[in-house]
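What follows is upload.txt (compact mmCIF, C-alpha atoms (C1' of nucleotides)).
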# COMPACT_ATOMS: atom_id res chain seq x y z
CA MET A 1 -5.22 22.57 4.31
CA ALA A 2 -8.18 20.36 5.04
CA ASP A 3 -7.73 20.02 8.76
CA VAL A 4 -11.27 18.89 9.29
CA THR A 5 -10.21 15.72 11.05
CA PRO A 6 -11.45 15.41 14.61
CA ARG A 7 -8.63 13.13 15.74
CA ALA A 8 -5.74 14.55 13.80
CA PRO A 9 -3.87 16.04 16.76
CA GLY A 10 -2.74 12.63 17.98
CA HIS A 11 -0.89 11.31 14.99
CA PRO A 12 -0.18 13.14 11.78
CA LEU A 13 -0.72 9.90 9.92
CA ALA A 14 -4.19 9.28 11.28
CA GLY A 15 -5.63 12.09 9.17
CA ARG A 16 -4.36 10.81 5.87
CA ALA A 17 -6.70 8.82 3.68
CA SER A 18 -3.78 6.85 2.29
CA PHE A 19 -2.75 5.69 5.74
CA LEU A 20 -6.27 4.99 6.89
CA LEU A 21 -6.95 2.95 3.78
CA SER A 22 -3.77 0.99 4.33
CA GLN A 23 -4.58 0.40 7.96
CA LEU A 24 -8.23 -0.52 7.44
CA GLY A 25 -7.43 -2.57 4.36
CA ALA A 26 -4.88 -4.67 6.19
CA TYR A 27 -7.28 -5.10 9.07
CA SER A 28 -10.13 -6.06 6.79
CA ALA A 29 -8.05 -8.61 4.91
CA HIS A 30 -6.58 -10.10 8.05
CA GLU A 31 -9.94 -10.26 9.79
CA PHE A 32 -11.60 -11.84 6.80
CA GLY A 33 -8.88 -14.47 6.72
CA LYS A 34 -9.50 -15.27 10.36
CA ARG A 35 -13.24 -15.54 9.79
CA LEU A 36 -12.72 -17.78 6.78
CA ALA A 37 -10.24 -20.09 8.49
CA PRO A 38 -12.84 -22.36 10.14
CA LEU A 39 -14.15 -23.19 6.69
CA GLY A 40 -10.73 -24.45 5.68
CA ILE A 41 -10.07 -21.91 2.96
CA ARG A 42 -8.20 -18.65 2.62
CA PRO A 43 -9.37 -15.41 1.04
CA SER A 44 -7.62 -16.24 -2.21
CA HIS A 45 -9.50 -19.53 -2.36
CA PHE A 46 -12.73 -17.66 -1.79
CA GLY A 47 -11.93 -15.31 -4.63
CA LEU A 48 -11.23 -18.21 -6.93
CA LEU A 49 -14.43 -20.00 -5.96
CA MET A 50 -16.39 -16.79 -6.51
CA HIS A 51 -14.89 -16.45 -9.96
CA LEU A 52 -15.75 -20.03 -10.78
CA SER A 53 -19.28 -19.64 -9.52
CA ARG A 54 -19.80 -17.13 -12.29
CA GLY A 55 -18.38 -19.30 -15.04
CA ASP A 56 -17.15 -22.89 -14.86
CA GLY A 57 -14.73 -24.62 -17.13
CA GLN A 58 -12.17 -21.86 -17.62
CA SER A 59 -8.49 -22.64 -17.94
CA GLN A 60 -6.08 -21.88 -15.12
CA GLN A 61 -4.43 -19.20 -17.21
CA ARG A 62 -7.73 -17.41 -17.78
CA LEU A 63 -8.53 -17.61 -14.10
CA ALA A 64 -5.10 -16.30 -13.18
CA ASP A 65 -5.50 -13.37 -15.54
CA ALA A 66 -8.94 -12.57 -14.19
CA MET A 67 -7.69 -12.60 -10.62
CA GLY A 68 -4.50 -10.72 -11.33
CA ILE A 69 -2.17 -13.44 -10.12
CA HIS A 70 0.54 -15.40 -11.85
CA ARG A 71 -0.34 -18.75 -13.32
CA ASN A 72 2.31 -20.37 -11.14
CA VAL A 73 0.38 -19.25 -8.07
CA MET A 74 -2.83 -20.53 -9.59
CA VAL A 75 -1.35 -24.03 -9.67
CA GLY A 76 -1.09 -24.01 -5.89
CA LEU A 77 -4.57 -22.61 -5.36
CA VAL A 78 -6.11 -25.20 -7.67
CA ASP A 79 -4.10 -27.93 -6.01
CA GLU A 80 -5.35 -27.01 -2.57
CA LEU A 81 -8.98 -26.67 -3.59
CA GLU A 82 -8.79 -29.92 -5.50
CA ASP A 83 -7.37 -31.68 -2.44
CA ARG A 84 -10.34 -30.39 -0.46
CA GLY A 85 -12.72 -31.74 -3.06
CA LEU A 86 -14.11 -28.34 -3.96
CA ILE A 87 -13.02 -28.22 -7.60
CA GLU A 88 -11.84 -30.71 -10.18
CA ARG A 89 -9.57 -30.51 -13.17
CA ARG A 90 -11.30 -31.88 -16.23
CA SER A 91 -9.87 -32.05 -19.69
CA HIS A 92 -10.40 -28.85 -21.62
CA PRO A 93 -12.65 -29.45 -24.63
CA ALA A 94 -10.79 -27.07 -26.93
CA ASP A 95 -7.20 -27.11 -25.68
CA ARG A 96 -5.48 -30.29 -24.73
CA ARG A 97 -2.74 -28.64 -22.66
CA ALA A 98 -5.22 -26.69 -20.53
CA HIS A 99 -7.46 -27.90 -17.73
CA ALA A 100 -11.11 -26.98 -17.40
CA ILE A 101 -11.70 -26.08 -13.76
CA HIS A 102 -15.14 -27.02 -12.48
CA LEU A 103 -16.83 -26.60 -9.11
CA THR A 104 -17.99 -29.71 -7.31
CA ALA A 105 -21.32 -30.07 -5.54
CA ALA A 106 -19.60 -29.59 -2.19
CA ALA A 107 -18.25 -26.25 -3.36
CA HIS A 108 -21.69 -24.73 -3.77
CA GLY A 109 -22.61 -25.47 -0.20
CA LEU A 110 -19.33 -24.10 1.08
CA LEU A 111 -19.66 -21.01 -1.09
CA ARG A 112 -22.99 -20.20 0.52
CA ARG A 113 -21.42 -20.45 3.95
CA ALA A 114 -18.41 -18.39 2.87
CA GLN A 115 -20.66 -15.67 1.50
CA ARG A 116 -22.50 -15.58 4.79
CA VAL A 117 -19.14 -15.14 6.49
CA ALA A 118 -18.32 -12.31 4.11
CA ASP A 119 -21.66 -10.68 4.86
CA GLU A 120 -21.02 -10.86 8.58
CA HIS A 121 -17.54 -9.45 8.08
CA GLU A 122 -18.90 -6.59 6.00
CA ALA A 123 -21.60 -5.87 8.55
CA GLU A 124 -19.23 -5.73 11.48
CA LEU A 125 -16.73 -3.62 9.61
CA LEU A 126 -19.41 -1.06 8.80
CA ALA A 127 -21.18 -1.30 12.14
CA GLY A 128 -19.81 2.06 13.22
CA ILE A 129 -21.55 4.16 10.58
CA GLY A 130 -25.13 4.56 9.42
CA GLU A 131 -26.83 3.15 6.37
CA ASP A 132 -26.53 6.30 4.28
CA ASP A 133 -22.88 6.69 5.08
CA ARG A 134 -22.25 3.07 4.11
CA SER A 135 -23.50 3.47 0.59
CA HIS A 136 -21.72 6.79 0.31
CA LEU A 137 -18.49 5.20 1.49
CA ILE A 138 -18.78 2.38 -1.01
CA THR A 139 -19.43 4.83 -3.79
CA LEU A 140 -16.38 6.87 -2.83
CA LEU A 141 -14.18 3.78 -2.61
CA GLN A 142 -15.38 2.65 -6.01
CA HIS A 143 -14.53 6.05 -7.44
CA LEU A 144 -11.05 5.80 -6.01
CA ALA A 145 -10.61 2.27 -7.34
CA ASP A 146 -11.82 3.34 -10.75
CA HIS A 147 -9.58 6.38 -10.89
CA THR A 148 -6.46 4.56 -9.78
CA GLY A 149 -7.04 2.00 -12.50
CA LEU A 150 -7.46 -0.95 -10.18
CA PRO A 151 -9.09 -3.85 -11.97
CA CYS A 152 -12.36 -5.02 -10.67
CA GLY A 153 -12.38 -8.19 -8.63
CA VAL A 154 -8.64 -8.45 -8.26
CA HIS A 155 -7.29 -9.65 -4.97
CA PRO A 156 -5.39 -7.25 -2.81
CA GLY A 157 -1.87 -8.13 -1.87
CA ARG A 158 -0.35 -7.42 -5.19
CA ALA A 159 -0.68 -4.20 -7.10
CA ASN A 160 1.17 -4.35 -10.38
CA SER A 161 -0.50 -5.84 -13.44
CA VAL A 162 -2.67 -2.81 -14.12
CA SER A 163 -2.49 -4.13 -17.59
CA THR A 164 -5.23 -4.70 -20.06
CA LEU A 165 -8.12 -4.60 -17.65
CA GLY A 166 -9.39 -1.09 -17.93
CA SER A 167 -12.51 -0.41 -15.92
CA CYS A 168 -15.32 -2.53 -14.64
CA PRO A 169 -17.96 -4.04 -16.89
CA MET B 1 -29.96 -4.92 0.15
CA ALA B 2 -28.09 -1.74 -0.59
CA ASP B 3 -27.55 -2.26 -4.27
CA VAL B 4 -26.70 1.34 -4.89
CA THR B 5 -23.38 0.51 -6.47
CA PRO B 6 -22.97 1.60 -10.06
CA ARG B 7 -20.42 -1.06 -10.90
CA ALA B 8 -21.71 -3.96 -8.90
CA PRO B 9 -22.90 -6.05 -11.85
CA GLY B 10 -19.39 -6.99 -12.85
CA HIS B 11 -18.05 -8.60 -9.74
CA PRO B 12 -19.98 -9.33 -6.57
CA LEU B 13 -16.86 -8.43 -4.59
CA ALA B 14 -16.49 -4.98 -6.08
CA GLY B 15 -19.52 -3.72 -4.18
CA ARG B 16 -18.29 -4.75 -0.76
CA ALA B 17 -16.60 -2.14 1.40
CA SER B 18 -14.46 -4.83 3.00
CA PHE B 19 -13.05 -5.90 -0.34
CA LEU B 20 -12.64 -2.37 -1.63
CA LEU B 21 -10.80 -1.38 1.52
CA SER B 22 -8.55 -4.39 1.21
CA GLN B 23 -7.85 -3.67 -2.43
CA LEU B 24 -7.30 0.05 -2.04
CA GLY B 25 -5.33 -0.42 1.15
CA ALA B 26 -2.93 -2.83 -0.47
CA TYR B 27 -2.59 -0.53 -3.44
CA SER B 28 -1.99 2.49 -1.26
CA ALA B 29 0.64 0.73 0.82
CA HIS B 30 2.40 -0.71 -2.18
CA GLU B 31 2.34 2.56 -4.07
CA PHE B 32 3.63 4.49 -1.10
CA GLY B 33 6.47 2.03 -0.78
CA LYS B 34 7.39 2.57 -4.41
CA ARG B 35 7.30 6.34 -4.01
CA LEU B 36 9.44 6.15 -0.89
CA ALA B 37 12.02 3.80 -2.38
CA PRO B 38 14.13 6.53 -4.08
CA LEU B 39 14.70 8.05 -0.63
CA GLY B 40 16.19 4.79 0.57
CA ILE B 41 13.59 4.02 3.21
CA ARG B 42 10.48 1.88 3.49
CA PRO B 43 7.07 2.85 4.90
CA SER B 44 7.90 1.30 8.26
CA HIS B 45 11.01 3.46 8.46
CA PHE B 46 8.91 6.48 7.65
CA GLY B 47 6.51 5.60 10.45
CA LEU B 48 9.36 5.25 12.89
CA LEU B 49 10.92 8.55 11.86
CA MET B 50 7.55 10.24 12.21
CA HIS B 51 7.18 8.87 15.70
CA LEU B 52 10.65 10.04 16.61
CA SER B 53 10.02 13.47 15.19
CA ARG B 54 7.37 13.89 17.86
CA GLY B 55 9.54 12.76 20.73
CA ASP B 56 13.19 11.82 20.75
CA GLY B 57 15.02 9.63 23.20
CA GLN B 58 12.47 6.87 23.68
CA SER B 59 13.53 3.27 24.17
CA GLN B 60 13.07 0.72 21.43
CA GLN B 61 10.45 -1.07 23.48
CA ARG B 62 8.37 2.08 23.85
CA LEU B 63 8.67 2.79 20.15
CA ALA B 64 7.68 -0.77 19.31
CA ASP B 65 4.62 -0.53 21.54
CA ALA B 66 3.60 2.79 20.03
CA MET B 67 3.90 1.42 16.51
CA GLY B 68 2.24 -1.89 17.27
CA ILE B 69 5.18 -4.04 16.23
CA HIS B 70 7.27 -6.52 18.13
CA ARG B 71 10.48 -5.35 19.71
CA ASN B 72 12.39 -7.93 17.67
CA VAL B 73 11.26 -6.19 14.51
CA MET B 74 12.22 -2.83 15.96
CA VAL B 75 15.81 -4.03 16.22
CA GLY B 76 15.98 -4.42 12.46
CA LEU B 77 14.33 -1.08 11.76
CA VAL B 78 16.70 0.74 14.11
CA ASP B 79 19.67 -1.11 12.63
CA GLU B 80 18.78 -0.04 9.11
CA LEU B 81 18.10 3.57 10.00
CA GLU B 82 21.28 3.72 12.03
CA ASP B 83 23.27 2.34 9.10
CA ARG B 84 21.84 5.11 6.95
CA GLY B 85 22.87 7.69 9.50
CA LEU B 86 19.33 8.83 10.22
CA ILE B 87 19.15 7.86 13.89
CA GLU B 88 21.63 7.00 16.60
CA ARG B 89 21.49 4.80 19.67
CA ARG B 90 22.57 6.74 22.71
CA SER B 91 22.74 5.45 26.23
CA HIS B 92 19.43 5.80 28.01
CA PRO B 93 19.73 8.17 30.96
CA ALA B 94 17.42 6.20 33.24
CA ASP B 95 17.78 2.58 32.11
CA ARG B 96 21.12 1.10 31.33
CA ARG B 97 19.73 -1.83 29.31
CA ALA B 98 17.71 0.41 27.01
CA HIS B 99 18.85 2.65 24.19
CA ALA B 100 17.68 6.18 23.71
CA ILE B 101 16.87 6.61 20.01
CA HIS B 102 17.59 10.06 18.62
CA LEU B 103 17.17 11.57 15.19
CA THR B 104 20.25 12.94 13.45
CA ALA B 105 20.42 16.19 11.57
CA ALA B 106 20.22 14.33 8.27
CA ALA B 107 16.95 12.77 9.35
CA HIS B 108 15.13 16.08 9.56
CA GLY B 109 15.93 16.92 5.98
CA LEU B 110 14.90 13.49 4.78
CA LEU B 111 11.70 13.63 6.80
CA ARG B 112 10.68 16.81 5.01
CA ARG B 113 11.23 15.12 1.68
CA ALA B 114 9.37 12.02 2.80
CA GLN B 115 6.42 14.06 3.95
CA ARG B 116 6.31 15.75 0.58
CA VAL B 117 6.23 12.30 -0.98
CA ALA B 118 3.38 11.32 1.33
CA ASP B 119 1.49 14.47 0.36
CA GLU B 120 1.90 13.68 -3.32
CA HIS B 121 0.79 10.13 -2.74
CA GLU B 122 -2.27 11.29 -0.84
CA ALA B 123 -3.12 13.83 -3.52
CA GLU B 124 -2.91 11.33 -6.35
CA LEU B 125 -4.89 8.72 -4.46
CA LEU B 126 -7.70 11.20 -3.87
CA ALA B 127 -7.47 12.84 -7.28
CA GLY B 128 -10.64 11.13 -8.43
CA ILE B 129 -13.01 12.78 -5.96
CA GLY B 130 -13.78 16.34 -4.97
CA GLU B 131 -12.68 18.30 -1.96
CA ASP B 132 -15.87 17.80 0.02
CA ASP B 133 -15.88 14.08 -0.63
CA ARG B 134 -12.27 13.83 0.52
CA SER B 135 -12.93 15.18 3.97
CA HIS B 136 -16.11 13.12 4.18
CA LEU B 137 -14.19 10.00 3.21
CA ILE B 138 -11.51 10.66 5.80
CA THR B 139 -14.15 11.18 8.45
CA LEU B 140 -15.85 7.93 7.54
CA LEU B 141 -12.57 6.01 7.56
CA GLN B 142 -11.70 7.45 10.94
CA HIS B 143 -15.07 6.34 12.27
CA LEU B 144 -14.44 2.84 11.00
CA ALA B 145 -10.95 2.78 12.49
CA ASP B 146 -12.28 4.03 15.80
CA HIS B 147 -15.11 1.53 15.91
CA THR B 148 -12.99 -1.46 15.01
CA GLY B 149 -10.61 -0.53 17.82
CA LEU B 150 -7.61 0.07 15.61
CA PRO B 151 -4.98 2.05 17.45
CA CYS B 152 -4.04 5.37 16.07
CA GLY B 153 -0.80 5.60 14.16
CA VAL B 154 -0.19 1.89 13.96
CA HIS B 155 1.25 0.51 10.79
CA PRO B 156 -0.84 -1.70 8.62
CA GLY B 157 0.42 -5.17 7.89
CA ARG B 158 -0.39 -6.68 11.20
CA ALA B 159 -3.71 -6.47 12.97
CA ASN B 160 -3.59 -8.12 16.34
CA SER B 161 -2.35 -6.21 19.39
CA VAL B 162 -5.58 -4.32 19.86
CA SER B 163 -4.41 -4.28 23.40
CA THR B 164 -4.18 -1.37 25.74
CA LEU B 165 -4.42 1.39 23.19
CA GLY B 166 -8.03 2.38 23.27
CA SER B 167 -8.88 5.34 21.10
CA CYS B 168 -6.94 8.27 19.77
CA PRO B 169 -5.76 11.08 21.98
C1' DA C 1 23.06 -6.89 50.72
C1' DG C 2 21.14 -10.72 48.42
C1' DC C 3 17.66 -13.12 45.78
C1' DT C 4 13.88 -13.74 42.47
C1' DG C 5 11.12 -12.46 38.71
C1' DA C 6 10.33 -9.26 34.99
C1' DT C 7 12.11 -6.33 31.23
C1' DT C 8 15.27 -4.79 27.32
C1' DG C 9 17.86 -5.60 23.34
C1' DT C 10 19.79 -9.17 20.42
C1' DC C 11 20.17 -13.22 17.77
C1' DA C 12 18.84 -17.50 15.34
C1' DT C 13 15.21 -19.91 13.40
C1' DG C 14 10.81 -21.25 11.17
C1' DT C 15 6.74 -20.05 8.42
C1' DT C 16 4.13 -18.02 4.90
C1' DA C 17 2.82 -15.67 0.76
C1' DG C 18 4.57 -14.05 -3.37
C1' DG C 19 7.86 -13.88 -7.43
C1' DT C 20 11.22 -15.96 -11.09
C1' DG C 21 13.21 -19.19 -14.32
C1' DA C 22 13.23 -23.50 -16.61
C1' DC C 23 10.90 -27.45 -18.60
C1' DA C 24 7.72 -30.82 -21.50
C1' DA C 25 3.45 -30.84 -23.90
C1' DT C 26 0.59 -28.61 -26.93
C1' DC C 27 -1.18 -25.01 -29.82
C1' DA C 28 -1.24 -21.49 -33.76
C1' DC C 29 0.51 -19.91 -37.74
C1' DC C 30 3.00 -19.95 -42.12
C1' DG D 1 5.97 -29.86 -41.53
C1' DG D 2 8.43 -26.52 -38.89
C1' DT D 3 8.90 -22.51 -35.75
C1' DG D 4 7.50 -19.60 -32.16
C1' DA D 5 4.06 -18.85 -28.50
C1' DT D 6 1.18 -20.71 -24.75
C1' DT D 7 -0.25 -23.86 -20.76
C1' DG D 8 0.62 -26.25 -16.65
C1' DT D 9 4.18 -27.79 -13.56
C1' DC D 10 8.27 -27.82 -10.87
C1' DA D 11 12.28 -26.10 -8.17
C1' DC D 12 14.22 -22.29 -6.22
C1' DC D 13 14.61 -17.64 -4.23
C1' DT D 14 13.02 -13.58 -1.65
C1' DA D 15 10.65 -10.61 1.83
C1' DA D 16 7.94 -9.99 5.87
C1' DC D 17 6.31 -11.83 10.03
C1' DA D 18 6.25 -14.50 14.13
C1' DT D 19 8.72 -17.46 17.81
C1' DG D 20 12.03 -18.90 21.18
C1' DA D 21 16.21 -18.43 23.57
C1' DC D 22 19.87 -15.67 25.65
C1' DA D 23 22.83 -12.13 28.52
C1' DA D 24 22.38 -7.81 30.76
C1' DT D 25 19.83 -5.07 33.65
C1' DC D 26 16.03 -3.50 36.45
C1' DA D 27 12.44 -3.73 40.35
C1' DG D 28 10.68 -5.50 44.40
C1' DC D 29 11.06 -8.22 48.53
C1' DT D 30 13.27 -10.02 52.67
Would it be possible to restate this file's structure as structure tokens?
Amino acid sequence: MADVTPRAPGHPLAGRASFLLSQLGAYSAHEFGKRLAPLGIRPSHFGLLMHLSRGDGQSQQRLADAMGIHRNVMVGLVDELEDRGLIERRSHPADRRAHAIHLTAAAHGLLRRAQRVADEHEAELLAGIGEDDRSHLITLLQHLADHTGLPCGVHPGRANSVSTLGSCP
Amino acid sequence: MADVTPRAPGHPLAGRASFLLSQLGAYSAHEFGKRLAPLGIRPSHFGLLMHLSRGDGQSQQRLADAMGIHRNVMVGLVDELEDRGLIERRSHPADRRAHAIHLTAAAHGLLRRAQRVADEHEAELLAGIGEDDRSHLITLLQHLADHTGLPCGVHPGRANSVSTLGSCP
DNA sequence: AGCTGATTGTCATGTTAGGTGACAATCACC
DNA sequence: GGTGATTGTCACCTAACATGACAATCAGCT
């Protein structure tokens, strides 16, 4: 069934969407990490900075929940970004055990550069197909992500915690 | 540009193909690993068995090259599959330092079950979209994999070694 | 035949990201 | 005011990957 693949004869795995997604996903993540390395941050740092750029002052627990990682891991991410002077831990106005994480001025400049890197990465990844196919591909991938219950901006690399986050806003 | 995404407003990452591929790829790999666990093998074992099912008697080095992994890693994979009685190391007829890896009778039965698992995994992953979109998606993913120079049946998880293997046969 | 360099399989080791459990400080509730 | 839950932090463990070294064997050359 569905033997419409033009390169299936080589490997039986190369015609499976699940394998292709795994292969391309690992490549995309690895490549993005390499492109981001000169800026001194990793993809998880970029995700955290992106989250913060759309809402400062959240606690580490809230950030960890939003990114689908454990709060213990968030400690390390915040530590590293704080050492690089990109964020700072202020005292939370409403909860004295929590920290309010805020972006520094340097972070905004770096975020612009990182987003340019992400744009270049996206462009090169999609360089093989036309403009119409790109939007169609993104739509299909979003349908798959929606149907499998994957939360919205959650980092790849871990895939449990399909908890309270239902679909995208 | 290209703001055709219906769920883009939530997260700026959720509209990027690179992020979606990373997210879905990690989910697909992780989920496949969970589905394969009851059979006592991991996805890398499945890939090795699939390779062997299309050609017995190869040396570990050849298998490692074909799967895009280092020969040191192949030692562990062969060890584990040999302990489970799925493959056996025979003496290579033409090279006395190499081993000729052969599938056992038990491996063929397990491979059929594993392929059924892979079919189920594929079906559930693609359950959200229609039949036409599935083949279109696979075609698009194959184009991306071809253009980025990813070799054919190579496991995800590592993404260098875009060496001699050009395109798919 | 003998010698030199490359190759194969193996082992030991280090590195990295991710997960778990325990802890003090603080909150929320009754 | 007291009890359980929550937050941030720490120390430890695990899994996957890469690296370097080694003996055994091959391939090519003289």
Could you pull the residues within 8 Å of Ala29 in chain A, counting only C-alpha atoms (C1' of nucleotides), minus those fewer than 6 positions along the same chain, as a list in words?
Pro43 of chain A; Ser18, Phe19 and Ser22 of chain B
Residues just named, written with C-alpha atoms as a compact mmCIF listing (two decimals), keeping the file's coordinate frame:
# COMPACT_ATOMS: atom_id res chain seq x y z
CA PRO A 43 -9.37 -15.41 1.04
CA SER B 18 -14.46 -4.83 3.00
CA PHE B 19 -13.05 -5.90 -0.34
CA SER B 22 -8.55 -4.39 1.21
For chain B, which residues have at least one atom within 8 Å of chain D, if we go by only C-alpha atoms (C1' of nucleotides)? Write them as an MDAnalysis selection string, please.
chainID B and resid 95:97
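Interface residues on chain C toward chain B (cut-off 8 Å, only C-alpha atoms (C1' of nucleotides)): C:DT8, C:DG9, C:DT10.
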Record the distance separating CA of Leu63 in chain A and CA of Arg89 in chain A, expressed in Å with one decimal.
13.0 Å
Figure out the distance between CA of Gln23 in chain B and CA of Ala145 in chain A, please, to one decimal in Å.
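These two atoms are separated by 8.2 Å.
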Can you take the partial range 15-33 of chain A, add N, CA and C atoms, and return it as a short mmCIF file (atom, residue, chain, number, x, y, z; two decimals), in the frame of the given file?
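What ended up in rebuild-v9.cif:
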data_model
loop_
_atom_site.label_atom_id
_atom_site.label_comp_id
_atom_site.auth_asym_id
_atom_site.auth_seq_id
_atom_site.Cartn_x
_atom_site.Cartn_y
_atom_site.Cartn_z
N GLY A 15 -4.73 11.26 9.95
CA GLY A 15 -5.63 12.09 9.17
C GLY A 15 -5.46 11.93 7.68
N ARG A 16 -4.60 11.04 7.29
CA ARG A 16 -4.36 10.81 5.87
C ARG A 16 -5.23 9.66 5.37
N ALA A 17 -5.89 9.89 4.26
CA ALA A 17 -6.70 8.82 3.68
C ALA A 17 -5.83 7.65 3.26
N SER A 18 -4.64 7.95 2.74
CA SER A 18 -3.78 6.85 2.29
C SER A 18 -3.40 5.94 3.45
N PHE A 19 -3.10 6.53 4.59
CA PHE A 19 -2.75 5.69 5.74
C PHE A 19 -3.96 4.95 6.28
N LEU A 20 -5.07 5.65 6.37
CA LEU A 20 -6.27 4.99 6.89
C LEU A 20 -6.69 3.84 5.99
N LEU A 21 -6.60 4.04 4.69
CA LEU A 21 -6.95 2.95 3.78
C LEU A 21 -6.01 1.77 3.98
N SER A 22 -4.73 2.06 4.11
CA SER A 22 -3.77 0.99 4.33
C SER A 22 -4.08 0.24 5.61
N GLN A 23 -4.33 1.01 6.66
CA GLN A 23 -4.58 0.40 7.96
C GLN A 23 -5.86 -0.41 7.94
N LEU A 24 -6.94 0.18 7.46
CA LEU A 24 -8.23 -0.52 7.44
C LEU A 24 -8.20 -1.67 6.45
N GLY A 25 -7.50 -1.49 5.34
CA GLY A 25 -7.43 -2.57 4.36
C GLY A 25 -6.71 -3.78 4.91
N ALA A 26 -5.60 -3.55 5.59
CA ALA A 26 -4.88 -4.67 6.19
C ALA A 26 -5.73 -5.33 7.26
N TYR A 27 -6.42 -4.51 8.04
CA TYR A 27 -7.28 -5.10 9.07
C TYR A 27 -8.40 -5.91 8.45
N SER A 28 -9.02 -5.36 7.42
CA SER A 28 -10.13 -6.06 6.79
C SER A 28 -9.67 -7.38 6.20
N ALA A 29 -8.54 -7.37 5.52
CA ALA A 29 -8.05 -8.61 4.91
C ALA A 29 -7.69 -9.64 5.97
N HIS A 30 -6.99 -9.17 7.00
CA HIS A 30 -6.58 -10.10 8.05
C HIS A 30 -7.80 -10.69 8.76
N GLU A 31 -8.75 -9.81 9.08
CA GLU A 31 -9.94 -10.26 9.79
C GLU A 31 -10.75 -11.23 8.94
N PHE A 32 -10.86 -10.94 7.68
CA PHE A 32 -11.60 -11.84 6.80
C PHE A 32 -10.92 -13.20 6.73
N GLY A 33 -9.61 -13.20 6.70
CA GLY A 33 -8.88 -14.47 6.72
C GLY A 33 -9.16 -15.26 7.98
#
